[in-house]
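Source file: my_file-v8.csv (CSV, C-alpha atoms)
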```csv
chain,number,residue,atom,x,y,z
A,1,MET,CA,-8.0,8.0,19.3
A,2,LYS,CA,-9.9,9.4,22.2
A,3,ASN,CA,-11.6,12.8,21.6
A,4,ILE,CA,-10.0,13.3,18.2
A,5,LYS,CA,-12.9,13.8,15.8
A,6,LYS,CA,-12.8,13.3,12.1
A,7,LYS,CA,-15.5,14.9,10.1
A,8,VAL,CA,-15.8,15.1,6.3
A,9,LEU,CA,-18.5,17.6,5.4
A,10,GLY,CA,-20.0,17.5,2.0
A,11,ALA,CA,-20.7,21.1,1.1
A,12,VAL,CA,-20.5,23.7,3.9
A,13,SER,CA,-20.8,27.2,2.8
A,14,VAL,CA,-18.5,29.8,4.3
A,15,LEU,CA,-21.6,31.9,5.2
A,16,SER,CA,-22.8,29.1,7.5
A,17,LEU,CA,-19.4,28.6,9.1
A,18,GLY,CA,-20.2,30.6,12.2
A,19,ALA,CA,-23.3,28.5,12.9
A,20,LEU,CA,-21.4,25.3,12.3
A,21,VAL,CA,-18.6,25.9,14.7
A,22,ALA,CA,-20.4,28.0,17.3
A,23,CYS,CA,-20.7,24.8,19.4
A,24,GLY,CA,-17.0,24.3,19.5
A,25,GLY,CA,-16.7,25.4,23.2
A,26,THR,CA,-18.1,22.3,24.9
A,27,ASP,CA,-18.0,18.8,23.5
A,28,GLN,CA,-21.4,17.1,23.4
A,29,GLU,CA,-20.8,14.6,20.6
A,30,ALA,CA,-19.3,11.2,20.3
A,31,SER,CA,-15.6,10.9,20.0
A,32,SER,CA,-13.9,9.0,17.2
A,33,ASN,CA,-13.8,5.7,19.3
A,34,GLY,CA,-17.5,5.9,20.0
A,35,GLU,CA,-17.2,7.2,23.6
A,36,ALA,CA,-19.0,10.2,24.8
A,37,ALA,CA,-16.7,13.1,25.6
A,38,SER,CA,-16.9,14.7,29.0
A,39,ASN,CA,-18.9,17.9,29.3
A,40,ASP,CA,-15.8,19.4,30.9
A,41,THR,CA,-13.9,18.9,27.6
A,42,LYS,CA,-13.4,21.9,25.4
A,43,THR,CA,-13.3,20.9,21.8
A,44,LEU,CA,-11.2,22.9,19.3
A,45,GLN,CA,-12.1,22.5,15.7
A,46,VAL,CA,-9.3,22.8,13.1
A,47,GLY,CA,-9.8,23.1,9.4
A,48,ILE,CA,-7.5,21.9,6.6
A,49,THR,CA,-7.9,21.8,2.8
A,50,LEU,CA,-6.1,18.5,2.4
A,51,ALA,CA,-7.5,14.9,2.6
A,52,GLU,CA,-7.6,12.4,5.4
A,53,ASP,CA,-4.6,10.5,4.1
A,54,SER,CA,-2.5,13.7,4.0
A,55,HIS,CA,0.4,14.7,6.2
A,56,TYR,CA,-1.7,17.6,7.6
A,57,TYR,CA,-4.4,15.2,8.8
A,58,LYS,CA,-2.0,12.6,10.2
A,59,GLY,CA,0.0,15.3,11.9
A,60,LEU,CA,-3.1,16.7,13.4
A,61,GLU,CA,-4.2,13.3,14.7
A,62,HIS,CA,-1.0,13.1,16.6
A,63,PHE,CA,-1.3,16.7,17.7
A,64,GLY,CA,-4.8,15.8,19.1
A,65,GLU,CA,-3.4,13.0,21.1
A,66,LEU,CA,-0.7,15.3,22.5
A,67,VAL,CA,-3.3,18.0,23.4
A,68,GLU,CA,-5.5,15.6,25.2
A,69,GLU,CA,-2.6,14.2,27.1
A,70,LYS,CA,-1.0,17.5,28.1
A,71,SER,CA,-4.3,19.1,29.1
A,72,ASP,CA,-5.4,16.1,31.1
A,73,GLY,CA,-8.4,15.7,28.9
A,74,GLU,CA,-9.6,19.3,29.2
A,75,LEU,CA,-9.0,19.9,25.5
A,76,ALA,CA,-9.9,17.9,22.4
A,77,ILE,CA,-9.2,18.4,18.7
A,78,GLU,CA,-11.8,17.9,16.0
A,79,ILE,CA,-10.4,17.8,12.4
A,80,PHE,CA,-12.3,19.0,9.3
A,81,PRO,CA,-10.5,18.0,6.2
A,82,ASN,CA,-11.0,18.4,2.4
A,83,GLY,CA,-11.7,22.1,2.5
A,84,SER,CA,-15.1,21.4,4.0
A,85,LEU,CA,-14.9,24.7,5.9
A,86,GLY,CA,-13.7,26.6,2.9
A,87,GLY,CA,-10.3,27.6,1.4
A,88,GLU,CA,-7.4,28.6,3.5
A,89,ARG,CA,-8.0,32.3,3.2
A,90,ASP,CA,-11.7,31.8,4.2
A,91,MET,CA,-10.6,29.8,7.3
A,92,VAL,CA,-8.0,32.3,8.4
A,93,GLU,CA,-10.6,35.0,8.2
A,94,SER,CA,-12.9,32.9,10.3
A,95,LEU,CA,-10.2,32.7,12.9
A,96,GLN,CA,-10.1,36.5,13.0
A,97,VAL,CA,-13.7,36.7,14.1
A,98,GLY,CA,-13.6,33.7,16.3
A,99,SER,CA,-16.1,31.6,14.3
A,100,LEU,CA,-13.4,28.9,13.8
A,101,ASP,CA,-10.9,27.8,16.4
A,102,MET,CA,-7.9,26.6,14.4
A,103,VAL,CA,-6.4,26.1,11.0
A,104,LEU,CA,-3.3,24.5,9.6
A,105,SER,CA,-2.6,26.7,6.6
A,106,SER,CA,0.1,27.1,4.0
A,107,THR,CA,1.8,30.5,3.8
A,108,GLY,CA,-0.2,31.1,0.6
A,109,PRO,CA,-2.8,33.5,2.1
A,110,LEU,CA,-0.7,34.7,5.1
A,111,GLY,CA,1.2,37.5,3.4
A,112,GLY,CA,-2.1,39.3,3.1
A,113,PHE,CA,-2.3,39.4,6.9
A,114,ALA,CA,1.4,40.0,7.7
A,115,PRO,CA,3.4,41.1,4.6
A,116,GLU,CA,6.8,40.1,6.2
A,117,ILE,CA,5.7,36.4,5.9
A,118,ASN,CA,6.2,36.7,2.2
A,119,VAL,CA,9.9,36.3,2.8
A,120,VAL,CA,9.7,32.6,3.3
A,121,ASP,CA,8.0,32.2,-0.1
A,122,LEU,CA,10.9,33.6,-2.1
A,123,PRO,CA,12.2,31.1,-4.7
A,124,PHE,CA,15.2,29.0,-3.8
A,125,LEU,CA,15.5,30.8,-0.4
A,126,PHE,CA,16.1,27.7,1.6
A,127,GLU,CA,18.9,25.3,0.7
A,128,SER,CA,17.6,22.3,2.7
A,129,ARG,CA,15.0,21.3,5.2
A,130,GLU,CA,17.5,21.8,8.0
A,131,HIS,CA,18.2,25.3,6.8
A,132,ALA,CA,14.4,26.0,6.9
A,133,TYR,CA,14.0,24.5,10.4
A,134,LYS,CA,16.9,26.6,11.8
A,135,VAL,CA,15.2,29.8,10.6
A,136,LEU,CA,11.6,29.0,11.3
A,137,ASP,CA,12.2,27.5,14.8
A,138,GLY,CA,14.5,30.4,15.7
A,139,GLU,CA,14.1,34.1,16.3
A,140,ILE,CA,13.2,34.9,12.7
A,141,GLY,CA,10.4,32.3,12.5
A,142,GLN,CA,8.9,33.2,15.8
A,143,SER,CA,9.0,36.9,14.9
A,144,LEU,CA,7.0,36.2,11.8
A,145,LEU,CA,4.4,34.4,13.8
A,146,THR,CA,4.2,37.2,16.3
A,147,ASN,CA,3.4,39.6,13.4
A,148,LEU,CA,0.1,37.8,12.9
A,149,GLU,CA,-1.1,38.8,16.4
A,150,ASP,CA,-2.2,42.3,15.2
A,151,GLN,CA,-4.7,40.4,13.0
A,152,SER,CA,-6.2,38.4,15.9
A,153,LEU,CA,-4.2,35.3,14.9
A,154,LYS,CA,-2.0,33.4,17.2
A,155,GLY,CA,0.7,31.4,15.5
A,156,LEU,CA,1.6,28.3,17.6
A,157,ALA,CA,4.3,26.6,15.4
A,158,TRP,CA,5.7,26.2,11.9
A,159,TRP,CA,4.7,22.8,10.4
A,160,GLU,CA,5.6,21.7,6.9
A,161,ASN,CA,4.3,21.2,3.4
A,162,GLY,CA,7.7,20.6,2.0
A,163,PHE,CA,9.6,21.6,-1.1
A,164,ARG,CA,7.3,22.4,-4.0
A,165,HIS,CA,7.6,20.9,-7.5
A,166,VAL,CA,5.9,21.4,-10.9
A,167,THR,CA,3.5,19.1,-12.6
A,168,ASN,CA,1.8,19.6,-15.9
A,169,SER,CA,-0.1,17.8,-18.7
A,170,GLU,CA,1.9,19.2,-21.7
A,171,ARG,CA,5.6,18.4,-21.5
A,172,ALA,CA,8.6,17.6,-19.3
A,173,ILE,CA,10.1,20.6,-17.6
A,174,GLU,CA,13.9,20.4,-17.6
A,175,LYS,CA,14.9,24.1,-17.9
A,176,PRO,CA,13.1,27.4,-17.3
A,177,GLU,CA,12.3,27.9,-21.0
A,178,ASP,CA,10.1,24.8,-20.8
A,179,LEU,CA,7.6,26.6,-18.7
A,180,GLU,CA,7.0,29.3,-21.3
A,181,GLY,CA,3.3,29.9,-21.9
A,182,LEU,CA,2.1,27.1,-19.6
A,183,LYS,CA,-0.9,28.1,-17.5
A,184,ILE,CA,0.2,27.0,-13.9
A,185,ARG,CA,-2.1,27.2,-10.9
A,186,THR,CA,-0.5,28.9,-8.0
A,187,MET,CA,-1.7,29.7,-4.5
A,188,GLU,CA,-3.2,33.1,-4.0
A,189,ASN,CA,0.2,34.4,-3.2
A,190,ASN,CA,1.9,37.3,-5.0
A,191,VAL,CA,5.4,36.0,-4.6
A,192,HIS,CA,4.5,32.7,-6.2
A,193,GLN,CA,2.7,34.4,-9.0
A,194,ASP,CA,5.6,36.8,-9.7
A,195,SER,CA,8.1,33.9,-9.6
A,196,PHE,CA,6.2,31.9,-12.3
A,197,LYS,CA,5.9,35.1,-14.4
A,198,ALA,CA,9.6,35.4,-14.2
A,199,LEU,CA,9.9,31.9,-15.5
A,200,GLY,CA,7.7,32.6,-18.5
A,201,ALA,CA,4.7,30.8,-17.3
A,202,ASP,CA,1.1,32.1,-17.0
A,203,PRO,CA,0.4,31.9,-13.2
A,204,THR,CA,-3.3,31.4,-12.4
A,205,PRO,CA,-4.2,31.7,-8.7
A,206,MET,CA,-7.1,29.7,-7.4
A,207,SER,CA,-8.2,27.9,-4.3
A,208,PHE,CA,-6.9,24.5,-3.8
A,209,THR,CA,-10.4,23.2,-3.5
A,210,GLU,CA,-11.0,24.0,-7.2
A,211,LEU,CA,-7.7,22.6,-8.5
A,212,PHE,CA,-8.4,19.0,-9.4
A,213,THR,CA,-11.4,19.9,-11.5
A,214,ALA,CA,-9.4,22.7,-13.2
A,215,LEU,CA,-6.7,20.3,-14.1
A,216,GLN,CA,-9.2,17.7,-15.3
A,217,GLN,CA,-11.0,20.2,-17.5
A,218,GLY,CA,-7.9,21.8,-18.9
A,219,VAL,CA,-8.6,25.2,-17.3
A,220,VAL,CA,-4.9,25.1,-16.3
A,221,ASP,CA,-2.1,23.1,-17.7
A,222,GLY,CA,-0.3,22.4,-14.4
A,223,GLN,CA,0.3,23.2,-10.8
A,224,GLU,CA,3.0,23.2,-8.2
A,225,ASN,CA,2.9,21.4,-4.8
A,226,PRO,CA,5.0,19.2,-2.6
A,227,VAL,CA,5.1,15.5,-3.5
A,228,PRO,CA,2.8,14.3,-0.6
A,229,ILE,CA,0.0,16.7,-1.9
A,230,ILE,CA,0.5,15.6,-5.5
A,231,SER,CA,0.1,12.0,-4.5
A,232,THR,CA,-2.7,12.2,-1.9
A,233,SER,CA,-4.6,14.5,-4.1
A,234,ARG,CA,-4.3,12.0,-7.0
A,235,PHE,CA,-3.0,14.6,-9.4
A,236,TYR,CA,-1.3,11.8,-11.3
A,237,GLU,CA,-4.8,11.0,-12.7
A,238,VAL,CA,-4.8,14.4,-14.6
A,239,GLN,CA,-1.1,15.2,-14.9
A,240,ASP,CA,1.6,13.4,-17.0
A,241,HIS,CA,4.8,15.2,-15.9
A,242,LEU,CA,6.4,15.9,-12.6
A,243,THR,CA,9.7,17.9,-12.3
A,244,LEU,CA,11.4,18.0,-8.9
A,245,THR,CA,12.3,21.7,-9.1
A,246,GLY,CA,12.1,22.4,-5.4
A,247,HIS,CA,11.5,26.0,-6.3
A,248,PHE,CA,9.8,27.0,-3.0
A,249,TYR,CA,10.1,25.5,0.4
A,250,SER,CA,6.6,25.6,1.8
A,251,PRO,CA,6.1,25.8,5.6
A,252,ALA,CA,2.7,25.6,7.1
A,253,ALA,CA,1.5,27.6,10.1
A,254,LEU,CA,-0.7,26.1,12.8
A,255,LEU,CA,-2.9,29.0,13.9
A,256,VAL,CA,-5.5,29.5,16.6
A,257,SER,CA,-7.9,32.3,16.9
A,258,SER,CA,-6.6,34.9,19.4
A,259,GLN,CA,-10.1,35.1,20.9
A,260,VAL,CA,-10.1,31.4,21.4
A,261,PHE,CA,-6.6,31.2,22.8
A,262,ASP,CA,-7.2,34.1,25.2
A,263,GLY,CA,-10.3,32.2,26.5
A,264,LEU,CA,-8.2,29.2,27.6
A,265,THR,CA,-6.6,28.9,31.0
A,266,GLU,CA,-2.8,29.4,31.3
A,267,ASP,CA,-2.3,25.6,31.7
A,268,GLN,CA,-4.5,24.9,28.6
A,269,GLN,CA,-2.5,27.5,26.6
A,270,LYS,CA,0.7,25.9,27.6
A,271,ALA,CA,-0.6,22.4,26.7
A,272,LEU,CA,-1.7,23.7,23.2
A,273,GLN,CA,1.6,25.4,22.6
A,274,GLU,CA,3.7,22.5,23.6
A,275,ALA,CA,1.6,20.0,21.6
A,276,ALA,CA,2.0,22.3,18.5
A,277,VAL,CA,5.8,22.3,18.8
A,278,GLU,CA,6.0,18.5,19.3
A,279,GLY,CA,3.5,18.0,16.6
A,280,ALA,CA,5.6,19.9,14.2
A,281,GLU,CA,8.5,17.6,14.7
A,282,TYR,CA,6.3,14.5,14.1
A,283,GLU,CA,4.7,16.0,11.0
A,284,ARG,CA,8.0,17.1,9.5
A,285,GLU,CA,9.4,13.6,9.8
A,286,LEU,CA,6.2,12.2,8.3
A,287,VAL,CA,6.5,14.5,5.2
A,288,ALA,CA,10.1,13.4,4.6
A,289,GLU,CA,9.2,9.8,4.8
A,290,MET,CA,6.1,10.2,2.6
A,291,GLU,CA,8.1,12.1,-0.1
A,292,GLN,CA,10.6,9.4,-0.7
A,293,GLU,CA,7.9,6.6,-0.9
A,294,MET,CA,5.6,8.6,-3.0
A,295,ILE,CA,8.0,9.6,-5.8
A,296,SER,CA,8.3,5.9,-6.5
A,297,GLY,CA,4.6,5.5,-6.4
A,298,LEU,CA,4.0,8.4,-8.8
A,299,LYS,CA,6.3,6.7,-11.3
A,300,ASP,CA,4.3,3.5,-10.9
A,301,GLU,CA,1.1,5.5,-11.6
A,302,GLY,CA,2.7,6.5,-15.0
A,303,MET,CA,4.0,9.9,-14.3
A,304,ASN,CA,7.2,11.0,-16.1
A,305,VAL,CA,9.4,12.2,-13.3
A,306,VAL,CA,12.3,14.5,-14.0
A,307,GLU,CA,14.4,14.2,-10.8
A,308,GLU,CA,17.3,16.6,-11.5
A,309,VAL,CA,17.3,20.1,-13.1
A,310,ASP,CA,19.8,22.8,-13.4
A,311,LYS,CA,18.7,24.8,-10.3
A,312,LYS,CA,21.2,27.6,-11.0
A,313,ALA,CA,19.3,28.3,-14.3
A,314,PHE,CA,16.0,28.5,-12.4
A,315,GLN,CA,17.6,30.7,-9.7
A,316,LYS,CA,18.9,33.1,-12.2
A,317,ALA,CA,15.6,33.3,-14.0
A,318,THR,CA,13.9,34.3,-10.7
A,319,GLU,CA,16.4,36.9,-9.4
A,320,SER,CA,14.0,39.7,-10.3
A,321,VAL,CA,11.6,38.5,-7.6
A,322,TYR,CA,14.1,39.3,-4.9
A,323,GLU,CA,14.4,42.8,-6.2
A,324,THR,CA,10.6,43.2,-6.3
A,325,TYR,CA,10.1,42.2,-2.7
A,326,ALA,CA,13.3,43.5,-1.1
A,327,ASP,CA,11.7,46.6,0.2
A,328,GLN,CA,8.6,44.8,1.5
A,329,VAL,CA,10.3,42.1,3.5
A,330,GLY,CA,13.7,43.8,4.0
A,331,GLU,CA,17.0,43.1,2.5
A,332,ASP,CA,18.5,42.5,5.9
A,333,LEU,CA,16.0,39.8,6.7
A,334,ILE,CA,16.6,38.0,3.4
A,335,LYS,CA,20.4,38.1,4.1
A,336,LYS,CA,19.9,36.8,7.6
A,337,ILE,CA,17.9,33.8,6.3
A,338,GLN,CA,20.4,33.1,3.6
A,339,ASP,CA,23.4,33.3,6.0
A,340,ALA,CA,21.7,30.9,8.4
A,341,ALA,CA,22.5,28.1,6.0
A,342,ASN,CA,26.2,28.4,6.9
A,343,GLU,CA,25.9,29.0,10.6
```
Turn the structure described in the file into structure tokens.
Amino acid sequence: MKNIKKKVLGAVSVLSLGALVACGGTDQEASSNGEAASNDTKTLQVGITLAEDSHYYKGLEHFGELVEEKSDGELAIEIFPNGSLGGERDMVESLQVGSLDMVLSSTGPLGGFAPEINVVDLPFLFESREHAYKVLDGEIGQSLLTNLEDQSLKGLAWWENGFRHVTNSERAIEKPEDLEGLKIRTMENNVHQDSFKALGADPTPMSFTELFTALQQGVVDGQENPVPIISTSRFYEVQDHLTLTGHFYSPAALLVSSQVFDGLTEDQQKALQEAAVEGAEYERELVAEMEQEMISGLKDEGMNVVEEVDKKAFQKATESVYETYADQVGEDLIKKIQDAANE
């Protein structure tokens, strides 16, 4: 894939990030197919916390192809996987100061930059993927991305993580009471933490880059993530039980530094924006395909999979979370999102 670079860095400190990506403006290195990139090509470096076989990485490969095509080779994409540039919050902060070009991030840290984004993390808010797409690709979703601009962040499009599910090493989760007392790793996201508190669990926020080791060493009993992440991160090696709770729908935001975006020509900006939207469609389809295949694969790896739960019981147990965040995100906004399911 011409001009799409794939780098796996061993241990890159956040403090050295500025020096590492400072050369991102002009491409002087070999592309992934061994050809030298043109000196006229501007390379945008994008960081993710997930591995090279993840939906993020594969989606960004396709995005890179689209960017190159739409910009007539003026732009190229270089992917840094495995959290090699830091956790999601670290990378988003690097975008703010222009020391990193782009990041594909879950909504986990984004509420700290634009509180209204917390609305999409409310438990059981979205009834289906189609419901989520209708909201995120419409006026509401675009408004949420626009709110990030005050923080020097340009939101290009909503991509996808998928519906999140619970794994743990202690017992099968079939009802809310089964979570009582379990130490569950969550993203550094207050809505997620409050939701698991309401379910009786002990939420423990930590960076994704620390999670596998924490599960392996028993620092936490379990975690929650979409199936593709559970599979590609090999959590089945350190977790016995998976329950398809679908408690949160987890979108992902493809972000670019406002400084970087403003430094592009109008045609380059258009190419990047169009590629982001088309890339979202591709990546969403990929997530749906991976999820179905991987559930079967996780069973083959020995995980006990609980495929159906009484969602109404889980919804009832988390009603207090809506009351907690109604003022912050707005009751009207919550209702608009809920009503969109029937439009």
I want to know what sits within 9 Å of region 313-325 of chain A, based on all atoms listed in the file, with residues of the same chain fewer than 3 positions away left out; could you give that as a ChimeraX atom specification?
/A:118-119,122-124,175-176,191,194-199,245,247,309-310,328-331,334
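Minimum atom-to-atom distance to Leu100 (chain A), evaluated using all atoms listed in the file, belongs to A:Ser257 out of A:Thr43, A:Ser54, A:Gln239, A:Ser257.
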Using all atoms listed in the file, the best pick from A:Lys42, A:Lys134, A:Lys154, A:His55 as closest to Val256 (chain A) would be A:Lys154
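Using all atoms listed in the file, the smallest distance between any of A:Ala172, A:Ala253, A:Leu264, A:Ala275 and Trp158 (chain A) comes from A:Ala253.
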Would you kindly identify which residues have an atom no farther than 12 Å from (-3.0, 25.8, -16.2), using all atoms listed in the file and the file's own coordinates, and write them out as a PyMOL selection string?
chain A and resi 166-170+179-186+196+201-206+211-224+238-239
Enter the distance from CA of Glu281 (chain A) to CA of Leu104 (chain A), in Å, rounded to one decimal.
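Distance between the two atoms: 14.6 Å.
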re CA of Phe163 (chain A) and CA of Ala114 (chain A): distance 22.0 Å
Closest of A:Ala271, A:Leu255, A:Ala157, A:Leu125 to Gly47 (chain A) - atom-to-atom distances counting all atoms listed in the file:
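Of all the options, A:Leu255 lies closest to Gly47 (chain A).
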Point-to-point distance from CA of Phe248 (chain A) to CA of Leu156 (chain A), Å rounded to tenths
22.2 Å
Up to 12 Å from (-9.5, 30.1, 3.2) in the file's coordinates: name the residues, counting only C-alpha atoms, as a PyMOL selection string.
chain A and resi 13-14+17+47-49+82-96+100+102-110+112+187-188+206-209
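Residue nearest Val306 (chain A), chosen from A:Gln268, A:Thr243, A:Ser258, A:Gln151 and counting all atoms listed in the file: A:Thr243.
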Which is closest to Ser128 (chain A) among A:Ser250, A:Asp327, A:Ile295, A:Leu242, if we use all atoms listed in the file?
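Result for the nearest residue to Ser128 (chain A): A:Ser250.
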Start from the incomplete input, build all heavy atoms for region 171-180 of chain A, and deliver everything as a tab-separated table (two decimals), in the coordinates of the input.
```tsv
chain	number	residue	atom	x	y	z
A	171	ARG	N	4.23	18.84	-21.18
A	171	ARG	CA	5.60	18.40	-21.50
A	171	ARG	C	6.48	18.35	-20.29
A	171	ARG	O	6.16	18.93	-19.25
A	171	ARG	CB	6.22	19.41	-22.53
A	171	ARG	CG	6.18	20.87	-22.08
A	171	ARG	CD	6.73	21.79	-23.16
A	171	ARG	NE	6.62	23.21	-22.79
A	171	ARG	CZ	5.62	23.98	-23.16
A	171	ARG	NH1	4.63	23.48	-23.89
A	171	ARG	NH2	5.59	25.26	-22.80
A	172	ALA	N	7.58	17.64	-20.43
A	172	ALA	CA	8.60	17.60	-19.30
A	172	ALA	C	9.23	18.91	-19.17
A	172	ALA	O	9.58	19.58	-20.15
A	172	ALA	CB	9.59	16.49	-19.66
A	173	ILE	N	9.41	19.32	-17.93
A	173	ILE	CA	10.10	20.60	-17.60
A	173	ILE	C	11.50	20.26	-17.17
A	173	ILE	O	11.72	19.64	-16.13
A	173	ILE	CB	9.35	21.35	-16.50
A	173	ILE	CG1	7.87	21.55	-16.86
A	173	ILE	CG2	10.03	22.68	-16.22
A	173	ILE	CD1	7.64	22.33	-18.12
A	174	GLU	N	12.47	20.69	-17.97
A	174	GLU	CA	13.90	20.40	-17.60
A	174	GLU	C	14.68	21.70	-17.47
A	174	GLU	O	15.74	21.71	-16.86
A	174	GLU	CB	14.50	19.55	-18.73
A	174	GLU	CG	13.83	18.18	-18.83
A	174	GLU	CD	14.43	17.31	-19.91
A	174	GLU	OE1	15.22	17.84	-20.73
A	174	GLU	OE2	14.13	16.10	-19.93
A	175	LYS	N	14.18	22.80	-18.04
A	175	LYS	CA	14.90	24.10	-17.90
A	175	LYS	C	13.78	25.18	-17.89
A	175	LYS	O	12.61	24.93	-18.24
A	175	LYS	CB	15.79	24.31	-19.14
A	175	LYS	CG	15.12	24.14	-20.49
A	175	LYS	CD	16.16	24.19	-21.60
A	175	LYS	CE	15.53	24.09	-22.99
A	175	LYS	NZ	14.76	22.82	-23.17
A	176	PRO	N	14.11	26.38	-17.44
A	176	PRO	CA	13.10	27.40	-17.30
A	176	PRO	C	12.29	27.69	-18.56
A	176	PRO	O	11.08	27.92	-18.50
A	176	PRO	CB	13.95	28.66	-16.91
A	176	PRO	CG	15.13	28.10	-16.21
A	176	PRO	CD	15.44	26.81	-16.92
A	177	GLU	N	12.95	27.61	-19.71
A	177	GLU	CA	12.30	27.90	-21.00
A	177	GLU	C	11.11	26.92	-21.23
A	177	GLU	O	10.17	27.24	-21.98
A	177	GLU	CB	13.25	27.81	-22.14
A	177	GLU	CG	14.30	28.91	-22.14
A	177	GLU	CD	15.43	28.71	-21.14
A	177	GLU	OE1	15.53	27.58	-20.58
A	177	GLU	OE2	16.21	29.66	-20.89
A	178	ASP	N	11.16	25.74	-20.62
A	178	ASP	CA	10.10	24.80	-20.80
A	178	ASP	C	8.77	25.17	-20.22
A	178	ASP	O	7.71	24.61	-20.55
A	178	ASP	CB	10.52	23.40	-20.27
A	178	ASP	CG	11.70	22.80	-21.02
A	178	ASP	OD1	11.84	23.07	-22.22
A	178	ASP	OD2	12.49	22.06	-20.39
A	179	LEU	N	8.82	26.14	-19.31
A	179	LEU	CA	7.60	26.60	-18.70
A	179	LEU	C	6.91	27.71	-19.50
A	179	LEU	O	5.77	28.11	-19.19
A	179	LEU	CB	7.91	27.19	-17.29
A	179	LEU	CG	8.14	26.15	-16.19
A	179	LEU	CD1	8.86	26.79	-15.00
A	179	LEU	CD2	6.82	25.53	-15.75
A	180	GLU	N	7.56	28.18	-20.52
A	180	GLU	CA	7.00	29.30	-21.30
A	180	GLU	C	5.61	29.03	-21.80
A	180	GLU	O	5.32	28.03	-22.46
A	180	GLU	CB	7.94	29.52	-22.55
A	180	GLU	CG	7.60	30.76	-23.37
A	180	GLU	CD	7.97	32.05	-22.64
A	180	GLU	OE1	8.99	32.06	-21.94
A	180	GLU	OE2	7.22	33.04	-22.79
```
